[in-house]
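J.: After the structure tokens below, expect a handful of questions from me.
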Amino acid sequence: MSERTALESKPVADEDRVDEDRVDEDRVDEDRVDDAEPDSPDGTGRTDGTDEPGRRPRWPRILGALLTVALLATGGVLFAEGQQLRDTPATANLALTDAEATTRVTGDVSNALGRIFSYGPDATALTKDAAQQVLAGKALQQYAALFGQVEKQAADQKLTLTTHVVRAGVTRLTGSSAHLLVFLDQVYERRGRPATTASAQLSVTAELRDGQWRIVEIGST
């Protein structure tokens, strides 16, 4: 081979080596892509549950939403149960929760009983007037029917009756009605004779009328 032929063939060999180097670089780049983006079920190449690089994972947001729904549902159940507890007969009885109202009805009823069951031979008219103020309904009708006999007995026997409420307890109280158990001590005095003491226990029903507790029913227990 001549010297010229040898020189002309040398660049051709260099060009072949360049092409081979480019092919090798392309293969390396493809291998890098395959290593950097493994296959995933959604075809995105992401298997860690993230939306995009730099963003927070989606599952904490989903979990937070589920917890919020659960808390709201639990709160609704607790509210309903609390409402049921507030509406039970026990909590509806103000005698268990309203000390001021209980004290007032106890005082009004005790005062009324002391007035209608206390009289003297010359003071029955005052007792009759008191009954018109503190009694109503069935209690007033019964009292009026019997008081005629009381007036005659007090006048004939010179009888004086004094009544004191020893203890009164409210068993049931609403905004307009009340039921009480009342214990009384009564002292009978006839002119010229020693006084006699007796005890009584009454079941009393009262209603709130025109801002005043009035006795509507009286029974013995």
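Identifiers in this document derive from the order of the structure tokens: chains are assigned A, B, ..., residues are numbered from 1 separately in each chain, and ligands are numbered from 1 in order of occurrence.
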Which residues come within 12 Å of Asn111 (chain A), counting only C-alpha atoms, excluding same-chain residues fewer than 3 positions away, as a list in words?

T.: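 Those residues are Arg104, Val105, Thr106, Gly107, Asp108, Gly114, Arg115, Ile116, Phe117, Ser118, Ala130, Ala131, Gln133, Val134, Leu135, Thr163, His164, Val165, Val166, Arg167, Ala168, Val182, Leu184, Gln212, Trp213, Arg214 and Ile215 of chain A.
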
J.: Please dump the current selection as a compact mmCIF listing (two decimals), in the first residue's frame; keep N, CA, C and O atoms.

T.:
```txt
# COMPACT_ATOMS: atom_id res chain seq x y z
N ARG A 104 -90.14 28.43 96.74
CA ARG A 104 -91.31 29.30 96.63
C ARG A 104 -92.61 28.51 96.76
O ARG A 104 -93.51 28.90 97.51
N VAL A 105 -92.74 27.39 96.06
CA VAL A 105 -93.98 26.63 96.14
C VAL A 105 -94.16 26.03 97.52
O VAL A 105 -95.28 25.95 98.05
N THR A 106 -93.08 25.63 98.14
CA THR A 106 -93.16 25.09 99.50
C THR A 106 -93.67 26.17 100.47
O THR A 106 -94.53 25.90 101.31
N GLY A 107 -93.14 27.38 100.32
CA GLY A 107 -93.57 28.48 101.21
C GLY A 107 -95.02 28.86 100.98
O GLY A 107 -95.78 29.06 101.95
N ASP A 108 -95.45 28.96 99.72
CA ASP A 108 -96.84 29.34 99.41
C ASP A 108 -97.83 28.30 99.94
O ASP A 108 -98.85 28.65 100.55
N GLY A 114 -101.61 26.70 106.66
CA GLY A 114 -101.69 27.29 108.01
C GLY A 114 -102.87 28.23 108.15
O GLY A 114 -103.51 28.29 109.21
N ARG A 115 -103.22 28.95 107.12
CA ARG A 115 -104.32 29.92 107.17
C ARG A 115 -105.69 29.23 107.13
O ARG A 115 -106.61 29.60 107.88
N ILE A 116 -105.88 28.26 106.27
CA ILE A 116 -107.21 27.66 106.11
C ILE A 116 -107.52 26.64 107.21
O ILE A 116 -108.70 26.28 107.41
N PHE A 117 -106.51 26.16 107.91
CA PHE A 117 -106.75 25.20 108.99
C PHE A 117 -106.48 25.82 110.36
O PHE A 117 -106.21 25.10 111.33
N SER A 118 -106.57 27.09 110.46
CA SER A 118 -106.46 27.79 111.74
C SER A 118 -107.66 28.73 111.88
O SER A 118 -107.93 29.52 110.96
N ALA A 130 -109.62 33.60 103.60
CA ALA A 130 -108.30 33.08 103.22
C ALA A 130 -108.44 31.93 102.23
O ALA A 130 -107.66 31.80 101.28
N ALA A 131 -109.46 31.09 102.45
CA ALA A 131 -109.67 29.96 101.55
C ALA A 131 -109.96 30.42 100.13
O ALA A 131 -109.52 29.80 99.15
N GLN A 133 -108.72 32.89 98.70
CA GLN A 133 -107.49 33.44 98.12
C GLN A 133 -106.46 32.36 97.77
O GLN A 133 -105.70 32.52 96.82
N VAL A 134 -106.44 31.26 98.52
CA VAL A 134 -105.35 30.29 98.36
C VAL A 134 -105.81 28.95 97.80
O VAL A 134 -104.98 28.11 97.44
N LEU A 135 -107.14 28.72 97.69
CA LEU A 135 -107.66 27.47 97.15
C LEU A 135 -108.30 27.70 95.79
O LEU A 135 -108.73 28.81 95.48
N THR A 163 -102.82 25.51 113.33
CA THR A 163 -102.09 24.53 112.50
C THR A 163 -100.72 25.07 112.13
O THR A 163 -100.59 26.22 111.68
N HIS A 164 -99.70 24.24 112.29
CA HIS A 164 -98.32 24.57 111.91
C HIS A 164 -97.80 23.50 110.96
O HIS A 164 -97.97 22.30 111.20
N VAL A 165 -97.17 23.92 109.89
CA VAL A 165 -96.52 22.98 108.97
C VAL A 165 -95.15 22.62 109.53
O VAL A 165 -94.29 23.49 109.72
N VAL A 166 -94.97 21.35 109.83
CA VAL A 166 -93.70 20.87 110.38
C VAL A 166 -92.67 20.65 109.28
O VAL A 166 -91.50 21.05 109.39
N ARG A 167 -93.13 20.04 108.22
CA ARG A 167 -92.22 19.75 107.10
C ARG A 167 -93.04 19.61 105.83
O ARG A 167 -94.15 19.06 105.84
N ALA A 168 -92.49 20.10 104.73
CA ALA A 168 -93.15 19.98 103.43
C ALA A 168 -92.10 19.63 102.39
O ALA A 168 -91.02 20.25 102.35
N VAL A 182 -97.02 16.99 102.90
CA VAL A 182 -96.94 17.98 103.97
C VAL A 182 -97.28 17.32 105.30
O VAL A 182 -98.28 16.59 105.41
N LEU A 184 -98.21 18.07 109.26
CA LEU A 184 -98.78 19.15 110.06
C LEU A 184 -98.83 18.76 111.53
O LEU A 184 -99.02 17.58 111.88
N GLN A 212 -99.34 33.12 91.53
CA GLN A 212 -99.46 32.62 92.90
C GLN A 212 -99.78 31.12 92.87
O GLN A 212 -100.59 30.67 92.07
N TRP A 213 -99.14 30.38 93.76
CA TRP A 213 -99.43 28.96 93.86
C TRP A 213 -100.71 28.77 94.66
O TRP A 213 -100.82 29.19 95.81
N ARG A 214 -101.70 28.11 94.05
CA ARG A 214 -102.97 27.83 94.70
C ARG A 214 -103.16 26.33 94.84
O ARG A 214 -102.85 25.56 93.91
N ILE A 215 -103.70 25.92 95.96
CA ILE A 215 -103.96 24.50 96.21
C ILE A 215 -105.23 24.10 95.47
O ILE A 215 -106.29 24.70 95.65
```

J.: Any chance you could tabulate, as a Markdown table, the residues of region 93-144 of chain A at most 12 Å from region 170-177 of chain A with each one's nearest atom pair and distance in Å to one decimal, using only C-alpha atoms, in chain and rising number order?

T.:
```
| residue | atom | partner | partner_atom | distance |
| --- | --- | --- | --- | --- |
| A:Asn93 | CA | A:Leu173 | CA | 5.4 |
| A:Leu94 | CA | A:Leu173 | CA | 5.1 |
| A:Ala95 | CA | A:Leu173 | CA | 5.2 |
| A:Leu96 | CA | A:Leu173 | CA | 8.5 |
| A:Thr97 | CA | A:Leu173 | CA | 9.7 |
| A:Asp98 | CA | A:Leu173 | CA | 9.1 |
| A:Ala99 | CA | A:Val170 | CA | 10.6 |
| A:Glu100 | CA | A:Leu173 | CA | 11.6 |
| A:Ala101 | CA | A:Leu173 | CA | 8.4 |
| A:Thr102 | CA | A:Val170 | CA | 6.8 |
| A:Thr103 | CA | A:Val170 | CA | 8.9 |
| A:Arg104 | CA | A:Val170 | CA | 10.5 |
| A:Val105 | CA | A:Val170 | CA | 8.1 |
| A:Thr106 | CA | A:Val170 | CA | 7.0 |
| A:Gly107 | CA | A:Val170 | CA | 10.8 |
| A:Asp108 | CA | A:Val170 | CA | 11.9 |
| A:Val109 | CA | A:Val170 | CA | 10.2 |
| A:Ser110 | CA | A:Val170 | CA | 11.3 |
```

J.: Using only C-alpha atoms, which of A:Ala145, A:Glu151, A:Ala125, A:Gly120 sits nearest Val187 (chain A)?

T.: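 Closest candidate: A:Gly120.
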
J.: Which residues come within 9 Å of Thr196 (chain A), counting only C-alpha atoms, excluding same-chain residues fewer than 6 positions away, as a PyMOL selection string?

T.: chain A and resi 186-190

J.: Write out as a PyMOL selection string the residues lying within 10 Å of Phe147 (chain A), counting only C-alpha atoms and excluding same-chain residues fewer than 4 positions away.

T.: chain A and resi 116+124+127-128+131+142-143+151-153

J.: Restricted to N, CA and C atoms, what would the selected residues look like written as a PDB file, in the first residue's frame?

T.:
```pdb
ATOM      1  N   ILE A 116    -105.876  28.255 106.267  1.00  0.00           N
ATOM      2  CA  ILE A 116    -107.207  27.661 106.111  1.00  0.00           C
ATOM      3  C   ILE A 116    -107.522  26.644 107.212  1.00  0.00           C
ATOM      4  N   THR A 124    -113.919  32.846 112.303  1.00  0.00           N
ATOM      5  CA  THR A 124    -114.110  31.929 111.173  1.00  0.00           C
ATOM      6  C   THR A 124    -114.243  32.679 109.845  1.00  0.00           C
ATOM      7  N   THR A 127    -110.917  32.993 108.180  1.00  0.00           N
ATOM      8  CA  THR A 127    -110.488  31.729 107.588  1.00  0.00           C
ATOM      9  C   THR A 127    -111.186  31.484 106.259  1.00  0.00           C
ATOM     10  N   LYS A 128    -112.478  31.787 106.189  1.00  0.00           N
ATOM     11  CA  LYS A 128    -113.229  31.615 104.951  1.00  0.00           C
ATOM     12  C   LYS A 128    -112.687  32.519 103.849  1.00  0.00           C
ATOM     13  N   ALA A 131    -109.458  31.094 102.447  1.00  0.00           N
ATOM     14  CA  ALA A 131    -109.672  29.956 101.551  1.00  0.00           C
ATOM     15  C   ALA A 131    -109.963  30.424 100.131  1.00  0.00           C
ATOM     16  N   GLN A 142    -114.581  21.446  97.985  1.00  0.00           N
ATOM     17  CA  GLN A 142    -114.665  20.579  99.156  1.00  0.00           C
ATOM     18  C   GLN A 142    -114.607  21.391 100.454  1.00  0.00           C
ATOM     19  N   TYR A 143    -113.726  22.360 100.473  1.00  0.00           N
ATOM     20  CA  TYR A 143    -113.573  23.172 101.681  1.00  0.00           C
ATOM     21  C   TYR A 143    -114.850  23.962 101.957  1.00  0.00           C
ATOM     22  N   GLU A 151    -117.758  26.099 111.163  1.00  0.00           N
ATOM     23  CA  GLU A 151    -118.200  27.349 111.792  1.00  0.00           C
ATOM     24  C   GLU A 151    -119.133  27.074 112.973  1.00  0.00           C
ATOM     25  N   LYS A 152    -120.095  26.155 112.768  1.00  0.00           N
ATOM     26  CA  LYS A 152    -121.050  25.838 113.833  1.00  0.00           C
ATOM     27  C   LYS A 152    -120.351  25.197 115.024  1.00  0.00           C
ATOM     28  N   GLN A 153    -119.449  24.255 114.754  1.00  0.00           N
ATOM     29  CA  GLN A 153    -118.728  23.564 115.823  1.00  0.00           C
ATOM     30  C   GLN A 153    -117.852  24.531 116.610  1.00  0.00           C
TER      31      GLN A 153
END
```

J.: Among the residues of region 138-195 of chain A, find those DSSP assigns to helix (DSSP H, G or I) from the backbone and print them as a ChimeraX atom specification.

T.: /A:138-157

J.: For those residues, write C-alpha atoms to a file as a PDB file, in the first residue's frame.

T.:
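Output file part-v7.pdb is given in full below:
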```pdb
ATOM      1  CA  LYS A 138    -111.759  20.800  93.654  1.00  0.00           C
ATOM      2  CA  ALA A 139    -110.036  21.850  96.873  1.00  0.00           C
ATOM      3  CA  LEU A 140    -112.103  25.055  97.132  1.00  0.00           C
ATOM      4  CA  GLN A 141    -115.359  23.196  96.476  1.00  0.00           C
ATOM      5  CA  GLN A 142    -114.665  20.579  99.156  1.00  0.00           C
ATOM      6  CA  TYR A 143    -113.573  23.172 101.681  1.00  0.00           C
ATOM      7  CA  ALA A 144    -116.653  25.345 101.105  1.00  0.00           C
ATOM      8  CA  ALA A 145    -118.949  22.329 101.555  1.00  0.00           C
ATOM      9  CA  LEU A 146    -117.390  21.408 104.916  1.00  0.00           C
ATOM     10  CA  PHE A 147    -116.698  24.804 106.387  1.00  0.00           C
ATOM     11  CA  GLY A 148    -120.329  25.351 107.354  1.00  0.00           C
ATOM     12  CA  GLN A 149    -119.993  22.523 109.889  1.00  0.00           C
ATOM     13  CA  VAL A 150    -116.661  23.920 111.104  1.00  0.00           C
ATOM     14  CA  GLU A 151    -118.200  27.349 111.792  1.00  0.00           C
ATOM     15  CA  LYS A 152    -121.050  25.838 113.833  1.00  0.00           C
ATOM     16  CA  GLN A 153    -118.728  23.564 115.823  1.00  0.00           C
ATOM     17  CA  ALA A 154    -116.294  26.372 116.568  1.00  0.00           C
ATOM     18  CA  ALA A 155    -119.100  28.627 117.793  1.00  0.00           C
ATOM     19  CA  ASP A 156    -120.863  25.974 119.896  1.00  0.00           C
ATOM     20  CA  GLN A 157    -117.752  24.448 121.488  1.00  0.00           C
TER      21      GLN A 157
END
```
